[in-house]
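Trainee: Next comes model_38.pdb, PDB, N, CA, C and O atoms:
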ATOM      1  N   ARG A   1     -29.322  32.901 -71.149
ATOM      2  CA  ARG A   1     -30.385  32.601 -70.198
ATOM      3  C   ARG A   1     -29.977  33.024 -68.774
ATOM      4  O   ARG A   1     -30.784  33.589 -68.046
ATOM      5  N   ILE A   2     -28.737  32.721 -68.397
ATOM      6  CA  ILE A   2     -28.250  33.096 -67.059
ATOM      7  C   ILE A   2     -28.236  34.620 -66.913
ATOM      8  O   ILE A   2     -28.636  35.153 -65.879
ATOM      9  N   ALA A   3     -27.785  35.320 -67.946
ATOM     10  CA  ALA A   3     -27.745  36.784 -67.887
ATOM     11  C   ALA A   3     -29.153  37.352 -67.721
ATOM     12  O   ALA A   3     -29.355  38.311 -66.966
ATOM     13  N   ALA A   4     -30.118  36.771 -68.390
ATOM     14  CA  ALA A   4     -31.506  37.241 -68.271
ATOM     15  C   ALA A   4     -32.041  36.994 -66.869
ATOM     16  O   ALA A   4     -32.716  37.855 -66.288
ATOM     17  N   LEU A   5     -31.724  35.838 -66.309
ATOM     18  CA  LEU A   5     -32.152  35.547 -64.936
ATOM     19  C   LEU A   5     -31.500  36.499 -63.935
ATOM     20  O   LEU A   5     -32.134  36.937 -62.977
ATOM     21  N   ARG A   6     -30.219  36.807 -64.143
ATOM     22  CA  ARG A   6     -29.531  37.761 -63.256
ATOM     23  C   ARG A   6     -30.195  39.128 -63.320
ATOM     24  O   ARG A   6     -30.321  39.815 -62.311
ATOM     25  N   GLU A   7     -30.585  39.536 -64.511
ATOM     26  CA  GLU A   7     -31.248  40.831 -64.669
ATOM     27  C   GLU A   7     -32.575  40.856 -63.909
ATOM     28  O   GLU A   7     -32.891  41.830 -63.229
ATOM     29  N   VAL A   8     -33.331  39.788 -64.004
ATOM     30  CA  VAL A   8     -34.590  39.683 -63.253
ATOM     31  C   VAL A   8     -34.309  39.742 -61.759
ATOM     32  O   VAL A   8     -34.975  40.456 -61.006
ATOM     33  N   MET A   9     -33.290  39.004 -61.320
ATOM     34  CA  MET A   9     -32.923  38.978 -59.907
ATOM     35  C   MET A   9     -32.521  40.376 -59.419
ATOM     36  O   MET A   9     -32.932  40.814 -58.350
ATOM     37  N   ARG A  10     -31.734  41.091 -60.218
ATOM     38  CA  ARG A  10     -31.300  42.442 -59.833
ATOM     39  C   ARG A  10     -32.481  43.396 -59.691
ATOM     40  O   ARG A  10     -32.526  44.218 -58.777
ATOM     41  N   LYS A  11     -33.448  43.283 -60.592
ATOM     42  CA  LYS A  11     -34.626  44.137 -60.509
ATOM     43  C   LYS A  11     -35.427  43.845 -59.240
ATOM     44  O   LYS A  11     -35.910  44.766 -58.580
ATOM     45  N   ILE A  12     -35.552  42.574 -58.897
ATOM     46  CA  ILE A  12     -36.260  42.203 -57.666
ATOM     47  C   ILE A  12     -35.512  42.729 -56.453
ATOM     48  O   ILE A  12     -36.101  43.296 -55.538
ATOM     49  N   GLN A  13     -34.193  42.565 -56.441
ATOM     50  CA  GLN A  13     -33.377  43.050 -55.322
ATOM     51  C   GLN A  13     -33.468  44.565 -55.184
ATOM     52  O   GLN A  13     -33.545  45.091 -54.075
ATOM     53  N   ASP A  14     -33.458  45.281 -56.292
ATOM     54  CA  ASP A  14     -33.547  46.741 -56.252
ATOM     55  C   ASP A  14     -34.886  47.216 -55.702
ATOM     56  O   ASP A  14     -34.979  48.313 -55.141
ATOM     57  N   ALA A  15     -35.930  46.413 -55.867
ATOM     58  CA  ALA A  15     -37.266  46.799 -55.414
ATOM     59  C   ALA A  15     -37.467  46.562 -53.912
ATOM     60  O   ALA A  15     -38.411  47.083 -53.323
ATOM     61  N   ILE A  16     -36.587  45.797 -53.302
ATOM     62  CA  ILE A  16     -36.722  45.472 -51.881
ATOM     63  C   ILE A  16     -36.196  46.633 -51.035
ATOM     64  O   ILE A  16     -35.094  47.136 -51.252
ATOM     65  N   GLU A  17     -36.984  47.061 -50.080
ATOM     66  CA  GLU A  17     -36.550  48.111 -49.157
ATOM     67  C   GLU A  17     -35.533  47.541 -48.166
ATOM     68  O   GLU A  17     -35.709  46.419 -47.676
ATOM     69  N   PRO A  18     -34.484  48.303 -47.850
ATOM     70  CA  PRO A  18     -33.519  47.834 -46.849
ATOM     71  C   PRO A  18     -34.214  47.600 -45.509
ATOM     72  O   PRO A  18     -35.164  48.300 -45.156
ATOM     73  N   GLN A  19     -33.721  46.617 -44.786
ATOM     74  CA  GLN A  19     -34.271  46.307 -43.471
ATOM     75  C   GLN A  19     -33.203  46.547 -42.414
ATOM     76  O   GLN A  19     -32.027  46.249 -42.630
ATOM     77  N   GLU A  20     -33.633  47.090 -41.299
ATOM     78  CA  GLU A  20     -32.697  47.354 -40.214
ATOM     79  C   GLU A  20     -32.237  46.032 -39.595
ATOM     80  O   GLU A  20     -33.023  45.106 -39.425
ATOM     81  N   VAL A  21     -30.966  45.973 -39.283
ATOM     82  CA  VAL A  21     -30.376  44.793 -38.653
ATOM     83  C   VAL A  21     -29.998  45.167 -37.229
ATOM     84  O   VAL A  21     -29.447  46.241 -36.983
ATOM     85  N   ALA A  22     -30.292  44.284 -36.297
ATOM     86  CA  ALA A  22     -29.944  44.536 -34.894
ATOM     87  C   ALA A  22     -28.424  44.678 -34.749
ATOM     88  O   ALA A  22     -27.660  44.041 -35.470
ATOM     89  N   ASP A  23     -27.994  45.512 -33.831
ATOM     90  CA  ASP A  23     -26.572  45.715 -33.563
ATOM     91  C   ASP A  23     -26.111  44.627 -32.590
ATOM     92  O   ASP A  23     -25.932  44.858 -31.404
ATOM     93  N   TYR A  24     -25.942  43.425 -33.130
ATOM     94  CA  TYR A  24     -25.601  42.268 -32.318
ATOM     95  C   TYR A  24     -24.292  42.456 -31.573
ATOM     96  O   TYR A  24     -23.407  43.180 -32.013
ATOM     97  N   SER A  25     -24.170  41.757 -30.474
ATOM     98  CA  SER A  25     -22.950  41.735 -29.692
ATOM     99  C   SER A  25     -22.270  40.391 -29.930
ATOM    100  O   SER A  25     -22.905  39.342 -29.823
ATOM    101  N   LEU A  26     -20.990  40.429 -30.288
ATOM    102  CA  LEU A  26     -20.235  39.217 -30.571
ATOM    103  C   LEU A  26     -19.074  39.102 -29.597
ATOM    104  O   LEU A  26     -18.483  40.101 -29.194
ATOM    105  N   GLU A  27     -18.746  37.875 -29.237
ATOM    106  CA  GLU A  27     -17.612  37.633 -28.346
ATOM    107  C   GLU A  27     -16.350  37.430 -29.173
ATOM    108  O   GLU A  27     -16.359  36.712 -30.169
ATOM    109  N   THR A  28     -15.271  38.075 -28.762
ATOM    110  CA  THR A  28     -13.973  37.909 -29.414
ATOM    111  C   THR A  28     -12.952  37.548 -28.342
ATOM    112  O   THR A  28     -13.227  37.698 -27.143
ATOM    113  N   PRO A  29     -11.770  37.110 -28.738
ATOM    114  CA  PRO A  29     -10.724  36.847 -27.742
ATOM    115  C   PRO A  29     -10.376  38.101 -26.922
ATOM    116  O   PRO A  29      -9.922  38.015 -25.796
ATOM    117  N   GLN A  30     -10.629  39.293 -27.494
ATOM    118  CA  GLN A  30     -10.351  40.548 -26.793
ATOM    119  C   GLN A  30     -11.559  41.063 -26.014
ATOM    120  O   GLN A  30     -11.489  42.119 -25.397
ATOM    121  N   GLY A  31     -12.670  40.340 -26.051
ATOM    122  CA  GLY A  31     -13.880  40.772 -25.355
ATOM    123  C   GLY A  31     -15.026  41.002 -26.324
ATOM    124  O   GLY A  31     -14.953  40.679 -27.508
ATOM    125  N   GLU A  32     -16.088  41.588 -25.816
ATOM    126  CA  GLU A  32     -17.299  41.810 -26.588
ATOM    127  C   GLU A  32     -17.121  42.940 -27.602
ATOM    128  O   GLU A  32     -16.459  43.927 -27.326
ATOM    129  N   VAL A  33     -17.728  42.769 -28.792
ATOM    130  CA  VAL A  33     -17.700  43.815 -29.820
ATOM    131  C   VAL A  33     -19.074  43.872 -30.488
ATOM    132  O   VAL A  33     -19.723  42.851 -30.663
ATOM    133  N   ARG A  34     -19.514  45.062 -30.812
ATOM    134  CA  ARG A  34     -20.811  45.256 -31.471
ATOM    135  C   ARG A  34     -20.644  45.085 -32.984
ATOM    136  O   ARG A  34     -19.595  45.427 -33.546
ATOM    137  N   LEU A  35     -21.673  44.581 -33.630
ATOM    138  CA  LEU A  35     -21.655  44.396 -35.079
ATOM    139  C   LEU A  35     -21.309  45.704 -35.792
ATOM    140  O   LEU A  35     -20.506  45.720 -36.728
ATOM    141  N   SER A  36     -21.878  46.797 -35.357
ATOM    142  CA  SER A  36     -21.639  48.091 -36.010
ATOM    143  C   SER A  36     -20.165  48.489 -35.989
ATOM    144  O   SER A  36     -19.676  49.147 -36.916
ATOM    145  N   VAL A  37     -19.444  48.094 -34.965
ATOM    146  CA  VAL A  37     -18.022  48.441 -34.843
ATOM    147  C   VAL A  37     -17.189  47.690 -35.885
ATOM    148  O   VAL A  37     -16.159  48.186 -36.351
ATOM    149  N   LEU A  38     -17.652  46.494 -36.276
ATOM    150  CA  LEU A  38     -16.886  45.683 -37.218
ATOM    151  C   LEU A  38     -16.782  46.314 -38.606
ATOM    152  O   LEU A  38     -15.891  45.979 -39.374
ATOM    153  N   PHE A  39     -17.662  47.253 -38.923
ATOM    154  CA  PHE A  39     -17.589  47.940 -40.207
ATOM    155  C   PHE A  39     -16.357  48.834 -40.286
ATOM    156  O   PHE A  39     -15.872  49.117 -41.381
ATOM    157  N   GLY A  40     -15.864  49.301 -39.141
ATOM    158  CA  GLY A  40     -14.730  50.221 -39.162
ATOM    159  C   GLY A  40     -15.066  51.442 -39.981
ATOM    160  O   GLY A  40     -16.109  52.061 -39.791
ATOM    161  N   ASP A  41     -14.221  51.772 -40.948
ATOM    162  CA  ASP A  41     -14.464  52.947 -41.803
ATOM    163  C   ASP A  41     -15.075  52.563 -43.154
ATOM    164  O   ASP A  41     -15.118  53.371 -44.076
ATOM    165  N   LYS A  42     -15.545  51.328 -43.272
ATOM    166  CA  LYS A  42     -16.114  50.834 -44.540
ATOM    167  C   LYS A  42     -17.644  50.886 -44.508
ATOM    168  O   LYS A  42     -18.262  50.839 -43.454
ATOM    169  N   ASP A  43     -18.245  50.971 -45.687
ATOM    170  CA  ASP A  43     -19.703  50.945 -45.809
ATOM    171  C   ASP A  43     -20.248  49.529 -45.872
ATOM    172  O   ASP A  43     -21.423  49.295 -45.610
ATOM    173  N   ASP A  44     -19.409  48.579 -46.260
ATOM    174  CA  ASP A  44     -19.825  47.186 -46.423
ATOM    175  C   ASP A  44     -19.027  46.298 -45.482
ATOM    176  O   ASP A  44     -17.894  46.615 -45.109
ATOM    177  N   LEU A  45     -19.635  45.167 -45.131
ATOM    178  CA  LEU A  45     -18.997  44.221 -44.217
ATOM    179  C   LEU A  45     -19.239  42.807 -44.713
ATOM    180  O   LEU A  45     -20.384  42.405 -44.941
ATOM    181  N   PHE A  46     -18.156  42.055 -44.924
ATOM    182  CA  PHE A  46     -18.249  40.626 -45.198
ATOM    183  C   PHE A  46     -18.144  39.906 -43.869
ATOM    184  O   PHE A  46     -17.166  40.098 -43.136
ATOM    185  N   VAL A  47     -19.129  39.082 -43.549
ATOM    186  CA  VAL A  47     -19.077  38.249 -42.350
ATOM    187  C   VAL A  47     -19.125  36.802 -42.826
ATOM    188  O   VAL A  47     -20.115  36.363 -43.406
ATOM    189  N   ILE A  48     -18.047  36.087 -42.595
ATOM    190  CA  ILE A  48     -17.971  34.686 -42.983
ATOM    191  C   ILE A  48     -18.221  33.844 -41.739
ATOM    192  O   ILE A  48     -17.518  33.989 -40.736
ATOM    193  N   HIS A  49     -19.239  32.991 -41.803
ATOM    194  CA  HIS A  49     -19.494  32.072 -40.689
ATOM    195  C   HIS A  49     -18.730  30.790 -40.966
ATOM    196  O   HIS A  49     -18.922  30.128 -41.978
ATOM    197  N   ASN A  50     -17.839  30.452 -40.068
ATOM    198  CA  ASN A  50     -16.992  29.275 -40.201
ATOM    199  C   ASN A  50     -17.291  28.361 -39.027
ATOM    200  O   ASN A  50     -17.233  28.792 -37.876
ATOM    201  N   MET A  51     -17.622  27.110 -39.297
ATOM    202  CA  MET A  51     -17.979  26.174 -38.223
ATOM    203  C   MET A  51     -16.769  25.681 -37.453
ATOM    204  O   MET A  51     -16.903  24.953 -36.483
ATOM    205  N   GLY A  52     -15.586  26.072 -37.866
ATOM    206  CA  GLY A  52     -14.378  25.800 -37.106
ATOM    207  C   GLY A  52     -13.779  24.428 -37.338
ATOM    208  O   GLY A  52     -14.055  23.754 -38.330
ATOM    209  N   ALA A  53     -12.954  24.007 -36.391
ATOM    210  CA  ALA A  53     -12.187  22.770 -36.512
ATOM    211  C   ALA A  53     -13.062  21.531 -36.656
ATOM    212  O   ALA A  53     -12.608  20.510 -37.164
ATOM    213  N   SER A  54     -14.302  21.604 -36.233
ATOM    214  CA  SER A  54     -15.186  20.444 -36.353
ATOM    215  C   SER A  54     -15.621  20.201 -37.794
ATOM    216  O   SER A  54     -16.204  19.173 -38.105
ATOM    217  N   CYS A  55     -15.334  21.135 -38.694
ATOM    218  CA  CYS A  55     -15.721  21.001 -40.103
ATOM    219  C   CYS A  55     -14.488  21.155 -40.975
ATOM    220  O   CYS A  55     -13.964  22.256 -41.119
ATOM    221  N   ARG A  56     -14.036  20.072 -41.571
ATOM    222  CA  ARG A  56     -12.811  20.140 -42.380
ATOM    223  C   ARG A  56     -12.986  21.036 -43.605
ATOM    224  O   ARG A  56     -12.026  21.611 -44.100
ATOM    225  N   TYR A  57     -14.211  21.153 -44.113
ATOM    226  CA  TYR A  57     -14.436  22.020 -45.261
ATOM    227  C   TYR A  57     -14.323  23.489 -44.866
ATOM    228  O   TYR A  57     -13.803  24.302 -45.617
ATOM    229  N   CYS A  58     -14.828  23.830 -43.686
ATOM    230  CA  CYS A  58     -14.722  25.221 -43.225
ATOM    231  C   CYS A  58     -13.267  25.624 -43.025
ATOM    232  O   CYS A  58     -12.873  26.731 -43.383
ATOM    233  N   THR A  59     -12.468  24.730 -42.459
ATOM    234  CA  THR A  59     -11.063  25.074 -42.252
ATOM    235  C   THR A  59     -10.345  25.189 -43.589
ATOM    236  O   THR A  59      -9.470  26.028 -43.759
ATOM    237  N   MET A  60     -10.736  24.380 -44.579
ATOM    238  CA  MET A  60     -10.144  24.486 -45.908
ATOM    239  C   MET A  60     -10.445  25.854 -46.515
ATOM    240  O   MET A  60      -9.560  26.530 -47.025
ATOM    241  N   TRP A  61     -11.708  26.292 -46.437
ATOM    242  CA  TRP A  61     -12.085  27.596 -46.993
ATOM    243  C   TRP A  61     -11.400  28.729 -46.234
ATOM    244  O   TRP A  61     -10.974  29.718 -46.827
ATOM    245  N   ALA A  62     -11.296  28.589 -44.927
ATOM    246  CA  ALA A  62     -10.642  29.641 -44.137
ATOM    247  C   ALA A  62      -9.188  29.802 -44.554
ATOM    248  O   ALA A  62      -8.688  30.918 -44.682
ATOM    249  N   ASP A  63      -8.493  28.696 -44.777
ATOM    250  CA  ASP A  63      -7.106  28.775 -45.238
ATOM    251  C   ASP A  63      -7.025  29.498 -46.574
ATOM    252  O   ASP A  63      -6.108  30.272 -46.826
ATOM    253  N   GLY A  64      -7.992  29.264 -47.449
ATOM    254  CA  GLY A  64      -8.002  29.890 -48.763
ATOM    255  C   GLY A  64      -8.261  31.386 -48.724
ATOM    256  O   GLY A  64      -7.914  32.105 -49.656
ATOM    257  N   LEU A  65      -8.884  31.869 -47.647
ATOM    258  CA  LEU A  65      -9.170  33.306 -47.545
ATOM    259  C   LEU A  65      -7.895  34.139 -47.460
ATOM    260  O   LEU A  65      -7.902  35.317 -47.798
ATOM    261  N   ASN A  66      -6.806  33.535 -47.004
ATOM    262  CA  ASN A  66      -5.537  34.267 -46.932
ATOM    263  C   ASN A  66      -5.150  34.859 -48.279
ATOM    264  O   ASN A  66      -4.614  35.958 -48.344
ATOM    265  N   GLY A  67      -5.435  34.148 -49.368
ATOM    266  CA  GLY A  67      -5.052  34.607 -50.694
ATOM    267  C   GLY A  67      -5.883  35.758 -51.229
ATOM    268  O   GLY A  67      -5.439  36.481 -52.105
ATOM    269  N   VAL A  68      -7.099  35.933 -50.722
ATOM    270  CA  VAL A  68      -7.977  36.996 -51.233
ATOM    271  C   VAL A  68      -8.255  38.080 -50.200
ATOM    272  O   VAL A  68      -8.943  39.052 -50.489
ATOM    273  N   TYR A  69      -7.717  37.927 -48.999
ATOM    274  CA  TYR A  69      -8.023  38.866 -47.922
ATOM    275  C   TYR A  69      -7.720  40.317 -48.293
ATOM    276  O   TYR A  69      -8.553  41.198 -48.108
ATOM    277  N   ASP A  70      -6.526  40.579 -48.808
ATOM    278  CA  ASP A  70      -6.153  41.972 -49.116
ATOM    279  C   ASP A  70      -7.122  42.590 -50.117
ATOM    280  O   ASP A  70      -7.513  43.751 -49.977
ATOM    281  N   HIS A  71      -7.516  41.827 -51.119
ATOM    282  CA  HIS A  71      -8.474  42.325 -52.109
ATOM    283  C   HIS A  71      -9.821  42.627 -51.453
ATOM    284  O   HIS A  71     -10.403  43.687 -51.678
ATOM    285  N   LEU A  72     -10.324  41.694 -50.639
ATOM    286  CA  LEU A  72     -11.610  41.904 -49.962
ATOM    287  C   LEU A  72     -11.541  43.094 -49.008
ATOM    288  O   LEU A  72     -12.439  43.932 -48.971
ATOM    289  N   ALA A  73     -10.477  43.172 -48.223
ATOM    290  CA  ALA A  73     -10.344  44.229 -47.222
ATOM    291  C   ALA A  73     -10.179  45.606 -47.866
ATOM    292  O   ALA A  73     -10.489  46.610 -47.228
ATOM    293  N   SER A  74      -9.728  45.669 -49.105
ATOM    294  CA  SER A  74      -9.621  46.965 -49.765
ATOM    295  C   SER A  74     -10.997  47.492 -50.151
ATOM    296  O   SER A  74     -11.172  48.684 -50.355
ATOM    297  N   ARG A  75     -11.973  46.619 -50.240
ATOM    298  CA  ARG A  75     -13.326  46.994 -50.636
ATOM    299  C   ARG A  75     -14.277  47.108 -49.457
ATOM    300  O   ARG A  75     -15.183  47.922 -49.447
ATOM    301  N   ALA A  76     -14.098  46.256 -48.451
ATOM    302  CA  ALA A  76     -15.055  46.189 -47.345
ATOM    303  C   ALA A  76     -14.364  45.669 -46.094
ATOM    304  O   ALA A  76     -13.279  45.101 -46.168
ATOM    305  N   ALA A  77     -15.021  45.874 -44.968
ATOM    306  CA  ALA A  77     -14.543  45.257 -43.738
ATOM    307  C   ALA A  77     -14.773  43.753 -43.854
ATOM    308  O   ALA A  77     -15.657  43.297 -44.579
ATOM    309  N   PHE A  78     -13.975  42.963 -43.164
ATOM    310  CA  PHE A  78     -14.002  41.516 -43.338
ATOM    311  C   PHE A  78     -13.750  40.834 -41.998
ATOM    312  O   PHE A  78     -12.758  41.131 -41.332
ATOM    313  N   VAL A  79     -14.667  39.958 -41.585
ATOM    314  CA  VAL A  79     -14.470  39.199 -40.348
ATOM    315  C   VAL A  79     -14.896  37.756 -40.569
ATOM    316  O   VAL A  79     -15.715  37.452 -41.433
ATOM    317  N   VAL A  80     -14.310  36.865 -39.794
ATOM    318  CA  VAL A  80     -14.678  35.450 -39.796
ATOM    319  C   VAL A  80     -15.202  35.117 -38.407
ATOM    320  O   VAL A  80     -14.540  35.402 -37.409
ATOM    321  N   CYS A  81     -16.398  34.534 -38.352
ATOM    322  CA  CYS A  81     -16.985  34.099 -37.079
ATOM    323  C   CYS A  81     -16.797  32.605 -36.944
ATOM    324  O   CYS A  81     -16.954  31.863 -37.914
ATOM    325  N   SER A  82     -16.472  32.149 -35.747
ATOM    326  CA  SER A  82     -16.261  30.736 -35.510
ATOM    327  C   SER A  82     -16.539  30.424 -34.048
ATOM    328  O   SER A  82     -16.298  31.267 -33.179
ATOM    329  N   PRO A  83     -17.010  29.206 -33.761
ATOM    330  CA  PRO A  83     -17.172  28.837 -32.362
ATOM    331  C   PRO A  83     -15.845  28.505 -31.689
ATOM    332  O   PRO A  83     -15.761  28.387 -30.476
ATOM    333  N   ASP A  84     -14.772  28.349 -32.476
ATOM    334  CA  ASP A  84     -13.460  28.017 -31.918
ATOM    335  C   ASP A  84     -12.827  29.234 -31.247
ATOM    336  O   ASP A  84     -13.060  30.366 -31.639
ATOM    337  N   ALA A  85     -11.998  28.962 -30.268
ATOM    338  CA  ALA A  85     -11.255  30.046 -29.617
ATOM    339  C   ALA A  85     -10.273  30.651 -30.603
ATOM    340  O   ALA A  85      -9.959  31.794 -30.576
TER     341      ALA A  85
END
With the file now loaded, output its structure as structure tokens.

Mentor:
Amino acid sequence: RIAALREVMRKIQDAIEPQEVADYSLETPQGEVRLSVLFGDKDDLFVIHNMGASCRYCTMWADGLNGVYDHLASRAAFVVCSPDA
């Protein structure tokens, strides 16, 4: 049943036309950076929104990313956004 639902979902996703995303400007400790720059030389970009130190679950997940970072970065650009410095 799950496989059939995934197939339906994939067909719906394939039928959707891509939508342009604004080239947002993000603040980093090194200054402002455009969203497009975060892709680097990759075609895909993982952006993880982390609520920071105010959320113990977010910090737990962020710590866990250390174990999968190399695998993710070999496939796509990878950044974590947080309100924390």

Trainee: Pick from A:Thr28, A:Val79, A:Asp70, A:Val37: nearest to Asn50 in chain A, with all atoms listed in the file counted?

Mentor: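 The shortest atom-to-atom distance to Asn50 in chain A comes from A:Val79.
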
Trainee: What is the CA of Cys81 in chain A-atom N of Val68 in chain A distance in Å, reported with one decimal?

Mentor: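 Computed distance, CA of Cys81 in chain A to atom N of Val68 in chain A, equals 16.9 Å.
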
Trainee: Residues within 8 Å of range 39-43 of chain A, please, as a VMD selection string. Count only N, CA, C and O atoms; anything in the same chain fewer than 4 positions from it doesn't count.

Mentor: chain A and resid 34 to 35 73 to 78

Trainee: Please write out, as AutoDock Vina command-line options, where the centre of an axis-aligned box around all listed atoms of range 59-73 of chain A lies and how long its edges are, in Å to one decimal, after adding 6 Å on each side.

Mentor:
--center_x -8.5 --center_y 35.5 --center_z -47.2 --size_x 19.9 --size_y 34.2 --size_z 21.9

Trainee: Would you give me, as a VMD selection string, the residues in chain A that DSSP reads as alpha helix (DSSP H)?

Mentor: chain A and resid 2 to 15 35 to 38 56 to 65 69 to 75

Trainee: Could you pull out the strand (DSSP E or B) residues of chain A, going by DSSP on the backbone, and write them as a VMD selection string?

Mentor: chain A and resid 25 to 28 31 to 34 45 to 49 77 to 81

Trainee: Which residues are close to range 13-25 of chain A, i.e. within 6 Å by only N, CA, C and O atoms, leaving aside same-chain residues fewer than 3 positions away? Reply as JSON, numbers by chain.

Mentor: {"A": [8, 9, 10, 33, 34, 35, 36]}

Trainee: Would you save the residues of that selection, restricted to N, CA, C and O atoms, as a short mmCIF file (atom, residue, chain, number, x, y, z; two decimals), in the coordinates of the input?

Mentor:
data_model
loop_
_atom_site.label_atom_id
_atom_site.label_comp_id
_atom_site.auth_asym_id
_atom_site.auth_seq_id
_atom_site.Cartn_x
_atom_site.Cartn_y
_atom_site.Cartn_z
N VAL A 8 -33.33 39.79 -64.00
CA VAL A 8 -34.59 39.68 -63.25
C VAL A 8 -34.31 39.74 -61.76
O VAL A 8 -34.98 40.46 -61.01
N MET A 9 -33.29 39.00 -61.32
CA MET A 9 -32.92 38.98 -59.91
C MET A 9 -32.52 40.38 -59.42
O MET A 9 -32.93 40.81 -58.35
N ARG A 10 -31.73 41.09 -60.22
CA ARG A 10 -31.30 42.44 -59.83
C ARG A 10 -32.48 43.40 -59.69
O ARG A 10 -32.53 44.22 -58.78
N VAL A 33 -17.73 42.77 -28.79
CA VAL A 33 -17.70 43.82 -29.82
C VAL A 33 -19.07 43.87 -30.49
O VAL A 33 -19.72 42.85 -30.66
N ARG A 34 -19.51 45.06 -30.81
CA ARG A 34 -20.81 45.26 -31.47
C ARG A 34 -20.64 45.08 -32.98
O ARG A 34 -19.60 45.43 -33.55
N LEU A 35 -21.67 44.58 -33.63
CA LEU A 35 -21.66 44.40 -35.08
C LEU A 35 -21.31 45.70 -35.79
O LEU A 35 -20.51 45.72 -36.73
N SER A 36 -21.88 46.80 -35.36
CA SER A 36 -21.64 48.09 -36.01
C SER A 36 -20.16 48.49 -35.99
O SER A 36 -19.68 49.15 -36.92
#

Trainee: Rounded to one decimal in Å, what is the spacing between atom N of Asp63 in chain A and atom O of Glu27 in chain A?

Mentor: 18.4 Å
